[in-house]
$ cat query.txt   # compact mmCIF, C-alpha atoms and all ligand atoms
# COMPACT_ATOMS: atom_id res chain seq x y z
CA MET E 1 -11.14 -3.99 105.40
CA ALA E 2 -12.07 -4.26 109.06
CA SER E 3 -15.66 -3.28 108.31
CA LEU E 4 -15.98 -6.25 105.98
CA CYS E 5 -15.01 -8.65 108.72
CA ARG E 6 -17.83 -7.61 111.04
CA SER E 7 -20.66 -10.02 111.58
CA ALA E 8 -23.53 -9.97 109.11
CA ALA E 9 -25.85 -8.73 111.86
CA SER E 10 -23.77 -5.68 112.69
CA LEU E 11 -23.31 -4.86 109.00
CA LEU E 12 -27.02 -4.97 108.37
CA LYS E 13 -28.01 -2.55 111.12
CA PRO E 14 -29.34 0.65 109.57
CA ARG E 15 -26.79 3.42 109.85
CA ALA E 16 -26.51 6.87 108.41
CA ALA E 17 -27.05 6.29 104.69
CA PRO E 18 -24.44 7.81 102.39
CA ALA E 19 -25.60 10.35 99.85
CA VAL E 20 -26.03 8.02 96.89
CA ARG E 21 -29.76 8.27 96.23
CA SER E 22 -29.35 9.38 92.66
CA ALA E 23 -26.58 8.89 90.09
CA VAL E 24 -23.71 10.78 91.62
CA ARG E 25 -19.98 10.75 91.56
CA LEU E 26 -19.67 11.26 95.30
CA CYS E 27 -18.85 8.55 97.81
CA SER E 28 -20.01 8.54 101.43
CA SER E 29 -16.94 10.47 102.51
CA GLY E 30 -17.73 13.13 99.93
CA ALA E 31 -14.71 12.15 97.82
CA ARG E 32 -15.30 12.06 94.08
CA TYR E 33 -15.45 8.88 92.06
CA GLU E 34 -13.42 9.07 88.88
CA TYR E 35 -14.06 5.68 87.31
CA ILE E 36 -17.52 4.57 88.45
CA LEU E 37 -21.10 5.82 88.70
CA VAL E 38 -23.01 4.95 91.84
CA GLU E 39 -26.74 5.14 92.44
CA LYS E 40 -29.61 3.46 94.26
CA ARG E 41 -32.38 2.03 92.09
CA GLY E 42 -35.64 0.17 92.44
CA GLU E 43 -39.06 1.37 93.57
CA ARG E 44 -37.83 1.53 97.16
CA SER E 45 -34.28 2.65 96.28
CA ASN E 46 -33.03 -0.52 97.88
CA VAL E 47 -30.69 -1.78 95.14
CA GLY E 48 -27.21 -0.29 94.99
CA VAL E 49 -25.86 -0.01 91.44
CA ILE E 50 -22.19 0.40 90.58
CA GLN E 51 -21.51 1.13 86.93
CA LEU E 52 -17.92 0.83 85.74
CA ASN E 53 -17.34 3.98 83.72
CA ARG E 54 -13.99 4.07 81.96
CA PRO E 55 -15.25 3.86 78.37
CA ALA E 56 -12.04 4.87 76.55
CA ALA E 57 -10.30 1.79 77.98
CA LEU E 58 -13.32 -0.56 77.75
CA ASN E 59 -13.55 -0.42 81.55
CA ALA E 60 -10.06 -1.90 82.02
CA LEU E 61 -9.78 -2.45 85.75
CA CYS E 62 -7.02 -0.09 86.80
CA ASP E 63 -6.03 0.07 90.46
CA GLY E 64 -7.99 3.28 91.03
CA LEU E 65 -11.16 1.81 89.56
CA MET E 66 -11.05 -1.29 91.74
CA LYS E 67 -10.34 0.82 94.84
CA GLU E 68 -13.42 2.90 94.03
CA VAL E 69 -15.51 -0.26 93.57
CA GLY E 70 -14.32 -1.34 97.03
CA ARG E 71 -15.31 2.01 98.55
CA ALA E 72 -18.75 1.91 96.91
CA LEU E 73 -19.28 -1.65 98.15
CA ASP E 74 -18.30 -0.55 101.66
CA ALA E 75 -20.88 2.23 101.53
CA PHE E 76 -23.66 -0.09 100.31
CA GLU E 77 -22.68 -2.74 102.84
CA VAL E 78 -23.41 -0.43 105.77
CA ASP E 79 -26.43 1.24 104.16
CA GLY E 80 -29.46 -0.20 105.97
CA ASP E 81 -31.75 0.52 102.99
CA VAL E 82 -29.73 -1.49 100.48
CA GLY E 83 -30.56 -5.19 100.21
CA ALA E 84 -28.71 -6.11 97.02
CA ILE E 85 -26.02 -4.67 94.77
CA VAL E 86 -25.67 -4.70 90.97
CA ILE E 87 -22.31 -4.27 89.25
CA THR E 88 -22.44 -3.44 85.56
CA GLY E 89 -20.43 -1.78 82.80
CA SER E 90 -21.40 -0.35 79.42
CA ASP E 91 -23.18 -1.99 76.48
CA ARG E 92 -19.75 -2.53 74.85
CA ALA E 93 -17.78 -3.77 77.82
CA PHE E 94 -18.42 -5.02 81.32
CA ALA E 95 -14.63 -4.91 81.67
CA ALA E 96 -11.85 -5.85 79.24
CA GLY E 97 -9.62 -7.12 82.04
CA ALA E 98 -7.01 -5.77 84.39
CA ASP E 99 -5.28 -2.70 82.99
CA ILE E 100 -2.51 -4.13 80.80
CA LYS E 101 -0.79 -0.75 80.46
CA GLU E 102 -0.63 -0.44 84.25
CA MET E 103 0.80 -3.96 84.60
CA GLN E 104 3.18 -3.85 81.66
CA ASN E 105 6.33 -2.71 83.49
CA LEU E 106 5.85 -4.45 86.83
CA ASN E 107 8.32 -7.12 87.90
CA PHE E 108 7.94 -10.08 90.23
CA GLN E 109 9.14 -8.16 93.29
CA ASP E 110 6.59 -5.38 92.67
CA CYS E 111 3.75 -7.91 92.41
CA TYR E 112 4.79 -10.17 95.23
CA SER E 113 5.94 -7.69 97.86
CA GLY E 114 3.02 -5.33 97.12
CA ASN E 115 0.55 -8.26 96.99
CA PHE E 116 -0.56 -6.88 93.62
CA LEU E 117 -4.32 -6.48 93.24
CA ALA E 118 -5.07 -8.37 96.46
CA HIS E 119 -7.77 -5.80 97.27
CA TRP E 120 -9.86 -7.09 94.33
CA ASN E 121 -10.94 -9.83 96.70
CA ARG E 122 -13.18 -7.31 98.49
CA VAL E 123 -15.94 -8.00 95.94
CA SER E 124 -16.21 -11.58 97.14
CA THR E 125 -16.32 -10.67 100.83
CA VAL E 126 -19.40 -8.43 100.74
CA THR E 127 -22.18 -9.99 102.83
CA LYS E 128 -25.04 -8.55 100.74
CA PRO E 129 -25.95 -10.36 97.50
CA VAL E 130 -24.12 -8.96 94.45
CA ILE E 131 -25.40 -9.38 90.89
CA ALA E 132 -23.15 -8.90 87.85
CA ALA E 133 -24.99 -7.55 84.79
CA VAL E 134 -22.61 -8.27 81.92
CA ASN E 135 -22.96 -6.62 78.52
CA GLY E 136 -20.14 -6.84 75.98
CA PHE E 137 -16.62 -7.97 76.90
CA ALA E 138 -15.96 -9.68 80.21
CA LEU E 139 -12.36 -10.69 79.68
CA GLY E 140 -9.58 -11.68 82.04
CA GLY E 141 -10.08 -9.73 85.26
CA GLY E 142 -13.49 -8.66 83.88
CA CYS E 143 -14.65 -12.25 83.73
CA GLU E 144 -13.10 -12.82 87.17
CA LEU E 145 -14.93 -9.80 88.58
CA ALA E 146 -18.24 -11.15 87.24
CA MET E 147 -17.51 -14.54 88.78
CA MET E 148 -16.80 -12.96 92.19
CA CYS E 149 -20.43 -11.82 92.18
CA ASP E 150 -23.19 -14.10 93.49
CA ILE E 151 -25.43 -14.08 90.43
CA VAL E 152 -24.36 -13.38 86.84
CA TYR E 153 -26.84 -12.10 84.23
CA ALA E 154 -25.65 -11.58 80.65
CA GLY E 155 -26.79 -9.43 77.77
CA GLU E 156 -27.20 -11.26 74.45
CA LYS E 157 -23.93 -9.87 73.08
CA ALA E 158 -21.80 -10.62 76.11
CA GLN E 159 -18.50 -12.42 75.62
CA PHE E 160 -16.61 -14.14 78.39
CA GLY E 161 -12.96 -15.14 78.23
CA GLN E 162 -9.71 -15.63 80.09
CA PRO E 163 -7.19 -14.45 77.45
CA GLU E 164 -4.25 -13.96 79.84
CA ILE E 165 -2.34 -16.79 78.13
CA LEU E 166 -2.11 -14.58 75.03
CA LEU E 167 -0.27 -12.00 77.15
CA GLY E 168 2.15 -14.56 78.54
CA THR E 169 0.46 -14.79 81.93
CA ILE E 170 -2.41 -16.65 83.59
CA PRO E 171 -5.60 -15.63 85.44
CA GLY E 172 -4.73 -14.09 88.81
CA SER E 173 -8.00 -13.33 90.49
CA GLY E 174 -9.87 -16.61 90.54
CA GLY E 175 -10.24 -17.30 86.81
CA SER E 176 -8.71 -20.75 86.96
CA GLN E 177 -10.68 -21.63 90.10
CA ARG E 178 -14.14 -20.07 89.84
CA LEU E 179 -14.41 -20.71 86.09
CA THR E 180 -13.57 -24.38 86.56
CA ARG E 181 -16.18 -24.73 89.31
CA ALA E 182 -18.76 -22.94 87.14
CA VAL E 183 -18.28 -24.59 83.73
CA GLY E 184 -16.30 -27.76 84.45
CA LYS E 185 -12.73 -28.76 83.68
CA SER E 186 -12.76 -29.25 79.91
CA LEU E 187 -14.30 -25.90 78.95
CA ALA E 188 -12.35 -24.00 81.61
CA MET E 189 -9.11 -25.62 80.48
CA GLU E 190 -9.91 -24.81 76.84
CA MET E 191 -10.68 -21.15 77.64
CA VAL E 192 -7.62 -20.68 79.87
CA LEU E 193 -5.22 -22.49 77.50
CA THR E 194 -6.43 -21.00 74.19
CA GLY E 195 -7.78 -17.62 75.29
CA ASP E 196 -10.91 -18.35 73.24
CA ARG E 197 -14.09 -16.58 74.33
CA ILE E 198 -17.60 -17.95 74.83
CA ASN E 199 -20.78 -16.02 74.04
CA ALA E 200 -23.74 -15.36 76.31
CA HIS E 201 -25.68 -18.45 75.26
CA GLU E 202 -22.66 -20.73 75.70
CA ALA E 203 -22.12 -19.11 79.10
CA LYS E 204 -25.74 -19.85 80.03
CA GLN E 205 -25.55 -23.41 78.76
CA SER E 206 -22.36 -24.06 80.73
CA GLY E 207 -23.69 -22.60 83.98
CA LEU E 208 -21.52 -19.48 84.10
CA VAL E 209 -24.58 -17.21 83.93
CA SER E 210 -28.12 -17.83 85.09
CA LYS E 211 -30.11 -15.62 82.66
CA VAL E 212 -29.60 -13.95 79.27
CA TYR E 213 -31.53 -10.79 78.33
CA PRO E 214 -31.63 -8.35 75.42
CA VAL E 215 -28.83 -5.79 75.83
CA ASP E 216 -31.13 -2.88 76.68
CA GLN E 217 -33.10 -4.83 79.31
CA LEU E 218 -30.19 -6.38 81.14
CA VAL E 219 -29.59 -3.81 83.88
CA SER E 220 -33.29 -3.30 84.66
CA GLU E 221 -33.73 -7.08 84.91
CA ALA E 222 -30.75 -7.26 87.27
CA VAL E 223 -32.25 -4.45 89.36
CA LYS E 224 -35.59 -6.33 89.44
CA CYS E 225 -33.77 -9.40 90.72
CA GLY E 226 -32.05 -7.17 93.30
CA GLU E 227 -35.43 -5.76 94.38
CA LYS E 228 -36.80 -9.25 94.83
CA ILE E 229 -33.82 -10.16 97.02
CA ALA E 230 -34.01 -6.87 98.93
CA SER E 231 -37.66 -7.49 99.82
CA ASN E 232 -36.59 -10.47 101.92
CA SER E 233 -34.86 -10.30 105.30
CA LYS E 234 -31.37 -8.87 104.78
CA LEU E 235 -30.18 -10.77 107.81
CA VAL E 236 -31.45 -14.12 106.56
CA SER E 237 -30.27 -13.39 102.98
CA ALA E 238 -26.74 -12.97 104.35
CA MET E 239 -27.05 -16.38 106.02
CA ALA E 240 -28.34 -17.95 102.79
CA LYS E 241 -25.43 -16.43 100.86
CA GLU E 242 -22.96 -17.71 103.44
CA ALA E 243 -24.44 -21.20 103.19
CA VAL E 244 -24.30 -21.35 99.37
CA ASN E 245 -20.76 -19.97 99.28
CA ALA E 246 -19.69 -22.63 101.76
CA ALA E 247 -20.47 -25.24 99.10
CA PHE E 248 -17.33 -24.07 97.29
CA GLU E 249 -15.10 -24.28 100.34
CA LEU E 250 -16.21 -27.23 102.47
CA THR E 251 -16.77 -30.95 102.16
CA LEU E 252 -20.40 -32.04 101.78
CA ALA E 253 -20.57 -33.12 105.43
CA GLU E 254 -19.03 -29.86 106.69
CA GLY E 255 -21.24 -27.81 104.38
CA ASN E 256 -24.38 -29.58 105.51
CA ARG E 257 -23.37 -29.07 109.14
CA LEU E 258 -22.87 -25.34 108.57
CA GLU E 259 -26.17 -25.11 106.70
CA LYS E 260 -27.98 -26.84 109.57
CA ARG E 261 -26.43 -24.44 112.12
CA LEU E 262 -27.40 -21.41 110.04
CA PHE E 263 -30.90 -22.85 109.56
CA HIS E 264 -31.14 -23.24 113.34
CA ALA E 265 -29.84 -19.69 113.73
CA THR E 266 -32.72 -18.29 111.66
CA PHE E 267 -34.96 -19.41 114.55
CA ALA E 268 -33.25 -16.77 116.69
CA THR E 269 -34.49 -14.02 114.37
CA ASP E 270 -37.70 -11.99 114.43
CA ASP E 271 -37.81 -12.30 110.66
CA ARG E 272 -38.15 -16.10 110.72
CA ARG E 273 -41.02 -15.72 113.20
CA GLU E 274 -42.64 -13.01 111.02
CA GLY E 275 -42.18 -15.03 107.79
CA MET E 276 -43.92 -18.11 109.14
CA ALA E 277 -46.63 -16.10 110.93
CA ALA E 278 -47.35 -14.20 107.70
CA PHE E 279 -47.74 -17.49 105.82
CA VAL E 280 -50.14 -18.88 108.39
CA GLU E 281 -52.12 -15.61 108.53
CA LYS E 282 -52.23 -15.43 104.70
CA ARG E 283 -50.56 -12.01 104.46
CA LYS E 284 -47.33 -10.62 103.06
CA ALA E 285 -44.40 -10.79 105.46
CA SER E 286 -42.90 -7.54 106.69
CA PHE E 287 -39.28 -8.19 107.51
CA GLN E 288 -37.36 -5.90 109.88
CA ASP E 289 -33.87 -7.34 109.28
CA LYS E 290 -33.50 -8.58 112.82
N1 LIG N 301 -6.03 -2.87 79.61
C1 LIG N 301 -5.74 -1.62 79.20
N2 LIG N 301 -6.32 -1.05 78.12
C2 LIG N 301 -7.24 -1.79 77.45
C3 LIG N 301 -7.58 -3.10 77.83
C4 LIG N 301 -6.93 -3.63 78.98
N3 LIG N 301 -7.22 -4.85 79.47
N4 LIG N 301 -8.49 -3.56 76.96
C5 LIG N 301 -8.72 -2.58 76.08
N5 LIG N 301 -7.96 -1.51 76.38
C6 LIG N 301 -7.90 -0.23 75.65
C7 LIG N 301 -7.12 -0.35 74.37
O1 LIG N 301 -5.74 -0.26 74.62
C8 LIG N 301 -7.68 0.80 73.60
O2 LIG N 301 -7.08 1.99 74.06
P1 LIG N 301 -6.39 3.03 73.00
O3 LIG N 301 -7.54 3.50 72.16
O4 LIG N 301 -5.81 4.07 73.89
O5 LIG N 301 -5.43 2.23 72.21
C9 LIG N 301 -9.14 0.84 74.00
O6 LIG N 301 -9.20 0.14 75.23
C10 LIG N 301 -10.06 0.16 73.02
O7 LIG N 301 -9.56 -1.16 72.79
P2 LIG N 301 -9.33 -1.76 71.32
O8 LIG N 301 -8.95 -0.68 70.36
O9 LIG N 301 -8.39 -2.90 71.47
O10 LIG N 301 -10.82 -2.24 70.99
P3 LIG N 301 -11.24 -3.46 70.05
O11 LIG N 301 -12.72 -3.37 69.91
O12 LIG N 301 -10.43 -3.50 68.82
O13 LIG N 301 -10.87 -4.79 70.90
C11 LIG N 301 -10.80 -6.15 72.89
C12 LIG N 301 -11.56 -5.03 72.10
C13 LIG N 301 -10.93 -7.44 72.13
C14 LIG N 301 -11.49 -6.25 74.24
C15 LIG N 301 -9.33 -5.76 73.04
O14 LIG N 301 -9.25 -4.43 73.55
C16 LIG N 301 -8.57 -6.66 73.94
O15 LIG N 301 -8.19 -7.74 73.56
N6 LIG N 301 -8.29 -6.19 75.18
C17 LIG N 301 -7.48 -6.92 76.13
C18 LIG N 301 -8.24 -8.10 76.72
C19 LIG N 301 -7.35 -8.86 77.68
O16 LIG N 301 -6.32 -9.40 77.30
N7 LIG N 301 -7.75 -8.88 78.94
C20 LIG N 301 -7.00 -9.58 79.98
C21 LIG N 301 -6.07 -8.61 80.64
S1 LIG N 301 -5.01 -9.41 81.80
C22 LIG N 301 -6.01 -9.65 83.15
O17 LIG N 301 -7.14 -9.27 83.20
C23 LIG N 301 -5.37 -10.37 84.30
C24 LIG N 301 -6.23 -10.25 85.53
C25 LIG N 301 -5.40 -10.65 86.69
C26 LIG N 301 -6.00 -10.12 87.99
C27 LIG N 301 -5.04 -10.37 89.10
C28 LIG N 301 -5.62 -9.87 90.42
C29 LIG N 301 -4.78 -10.28 91.59

$ encode --input "query.txt" --output "C-alpha cells" --more "lines below"
Ligand code: CO8
Amino acid sequence: MASLCRSAASLLKPRAAPAVRSAVRLCSSGARYEYILVEKRGERSNVGVIQLNRPAALNALCDGLMKEVGRALDAFEVDGDVGAIVITGSDRAFAAGADIKEMQNLNFQDCYSGNFLAHWNRVSTVTKPVIAAVNGFALGGGCELAMMCDIVYAGEKAQFGQPEILLGTIPGSGGSQRLTRAVGKSLAMEMVLTGDRINAHEAKQSGLVSKVYPVDQLVSEAVKCGEKIASNSKLVSAMAKEAVNAAFELTLAEGNRLEKRLFHATFATDDRREGMAAFVEKRKASFQDK
C-alpha cells in the first residue's frame, strides 16, 4: 500500500522492470498468479495488460483474484516502461461480481472488523491511466471494477448491472456512487433498485463507457488507446489524471484551483519544455518522463 502513496514522480522513475514481457503467470516477486494473466503489449511493450482468468466462475472476483490484480498493478506502477494499463476479462465475462460463494457465510462482524474487500480500492489509487475493456457480463463488483478504471471501453455484447439487490444486499465498492456520477440519478437508481442490466449501447449513450467495439477488436483497441497515452509524458499524464479525478471530489472552485496549480507544475518539467519546443520546431516530441 505504501508504494501507492508515493508521489507520481517517484513512481514514474524507471526501476528494474519485472519479468512480464510476455504472457506469463509470474509476478515480479516470482510468485505465480492463479487467477490472472499478465503481459505487456503494444509496439513498444509499454501497455500493461491484466486479464482476469477464472472462466469457470465467470471471473467472479474472489479475494485471491483481487489481491493478484493489486500485485500486478503494483508491478506496472513501478515499471518505467509502462505508460498505461488495460484490465480485461473474457469474451463471456469481464467479471460477474464479487464471489457470492465466498461471501455467503460471512456475518457483519467478519465484514466490519476485517474491513471486507477494502483492498479493492487499490485499482482506483494507481497513478497510471487504467482502461477497462469490458466484454460480456460486468455485474455487481465487476461493474464497480470497470468504473474504478479511468476509461471504459465495451464490446458490443457487454452487459452492465448492479444486481446486488436481488441477493439482499447493495453495491459495496462504489456502485451507488460512481454509477450515479456516470449515468445520472434516474438510471442509476433504476439499475440499483431493480437489478436490471443495460447493454453496451445504452452504457455508451448514458456516459458509462466512451467507445463500443466489436467483441474481437475490443482489447486491441484498448491497447491502442493505451499506446497513445503511453507515448505522452508519464509524469504529465499522472497530473492530468489527478486533475480529472479531482472533479469528482472537489467543488468547482477547489477543482479549478488544483488544476491551475498542476498546470503551473507542468512548467517545472522537462517534458513541458520539450513538448512546446517540438511544436515550434515542427517535430515529434520525445518525452523523458521528467
Ligand atoms: N460469484 C460466484 N460464482 C459465480 C458468480 C459470482 N458472482 N457469478 C457466476 N458464478 C458461477 C456460477 O455459480 C456458476 O458456477 P457453477 O457452474 O459451479 O454453478 C458459473 O459461474 C457459471 O454461472 P451460471 O451457470 O450462473 O451462468 P449463466 O450464463 O446461466 O448466468 C450470470 C450468468 C447471469 C452472470 C449469473 O451467473 C449471475 O447472475 N451471476 C451473479 C451475478 C451477481 O449477482 N453479481 C453480483 C454479486 S454481489 C457483488 O458483486 C457485490 C460487490 C460488493 C463489493 C464490495 C467491496 C467492498

$ residues_near_ligand --input "query.txt" --ligand "ligand LIG 301 (chain N)" --cutoff "7 Å" --atoms "all atoms listed in the file" --output "number ranges by chain"
E: 56-58, 60, 96-101, 116-118, 120, 137, 139-142, 162-164, 167, 170-173

$ write_last_selection --input "query.txt" --atoms "C-alpha atoms" --output "short mmCIF file (atom, residue, chain, number, x, y, z; two decimals), in the frame of the given file"
data_model
loop_
_atom_site.label_atom_id
_atom_site.label_comp_id
_atom_site.auth_asym_id
_atom_site.auth_seq_id
_atom_site.Cartn_x
_atom_site.Cartn_y
_atom_site.Cartn_z
CA ALA E 56 -12.04 4.87 76.55
CA ALA E 57 -10.30 1.79 77.98
CA LEU E 58 -13.32 -0.56 77.75
CA ALA E 60 -10.06 -1.90 82.02
CA ALA E 96 -11.85 -5.85 79.24
CA GLY E 97 -9.62 -7.12 82.04
CA ALA E 98 -7.01 -5.77 84.39
CA ASP E 99 -5.28 -2.70 82.99
CA ILE E 100 -2.51 -4.13 80.80
CA LYS E 101 -0.79 -0.75 80.46
CA PHE E 116 -0.56 -6.88 93.62
CA LEU E 117 -4.32 -6.48 93.24
CA ALA E 118 -5.07 -8.37 96.46
CA TRP E 120 -9.86 -7.09 94.33
CA PHE E 137 -16.62 -7.97 76.90
CA LEU E 139 -12.36 -10.69 79.68
CA GLY E 140 -9.58 -11.68 82.04
CA GLY E 141 -10.08 -9.73 85.26
CA GLY E 142 -13.49 -8.66 83.88
CA GLN E 162 -9.71 -15.63 80.09
CA PRO E 163 -7.19 -14.45 77.45
CA GLU E 164 -4.25 -13.96 79.84
CA LEU E 167 -0.27 -12.00 77.15
CA ILE E 170 -2.41 -16.65 83.59
CA PRO E 171 -5.60 -15.63 85.44
CA GLY E 172 -4.73 -14.09 88.81
CA SER E 173 -8.00 -13.33 90.49
#

$ closest_residue --input "query.txt" --among "E:Val244, E:Val47, E:Val123, E:Val209" --to "Gly83 of chain E" --atoms "only C-alpha atoms"
E:Val47

$ atom_distance --input "query.txt" --atom1 "atom CA of Glu281 of chain E" --atom2 "atom CA of Ala268 of chain E"
20.6 Å

$ atom_distance --input "query.txt" --atom1 "atom CA of Val49 of chain E" --atom2 "atom CA of Ile85 of chain E"
5.7 Å

$ residues_around --input "query.txt" --residues "Gly207 of chain E" --least-positions-apart "2" --cutoff "10 Å" --atoms "all atoms listed in the file" --output "NGL selection string"
:E and (152 or 179 or 181-184 or 201-205 or 209-211)

$ atom_distance --input "query.txt" --atom1 "atom CA of Lys224 of chain E" --atom2 "atom CA of Phe263 of chain E"
26.5 Å

$ closest_residue --input "query.txt" --among "E:Gln288, E:Lys282, E:Ser45, E:Thr169" --to "Gln104 of chain E" --atoms "all atoms listed in the file"
E:Thr169

$ axis_aligned_box --input "query.txt" --around "segment 201-204 of chain E" --padding-each-side "8 Å" --output "lines of an AutoDock Vina configuration file"
center_x = -23.9
center_y = -19.6
center_z = 77.6
size_x = 19.6
size_y = 18.3
size_z = 20.8

$ closest_residue --input "query.txt" --among "E:Ile198, E:Ala230, E:Val126, E:Ala132" --to "Glu77 of chain E" --atoms "all atoms listed in the file"
E:Val126

$ residues_near_point --input "query.txt" --point "(-36.7, -8.7, 89.5)" --cutoff "12 Å" --atoms "all atoms listed in the file" --output "ChimeraX atom specification"
/E:41-43,47,84,86,131,153,211,217-231

$ residues_around --input "query.txt" --residues "Met66 of chain E" --least-positions-apart "3" --cutoff "12 Å" --atoms "all atoms listed in the file" --output "count of residues only"
34
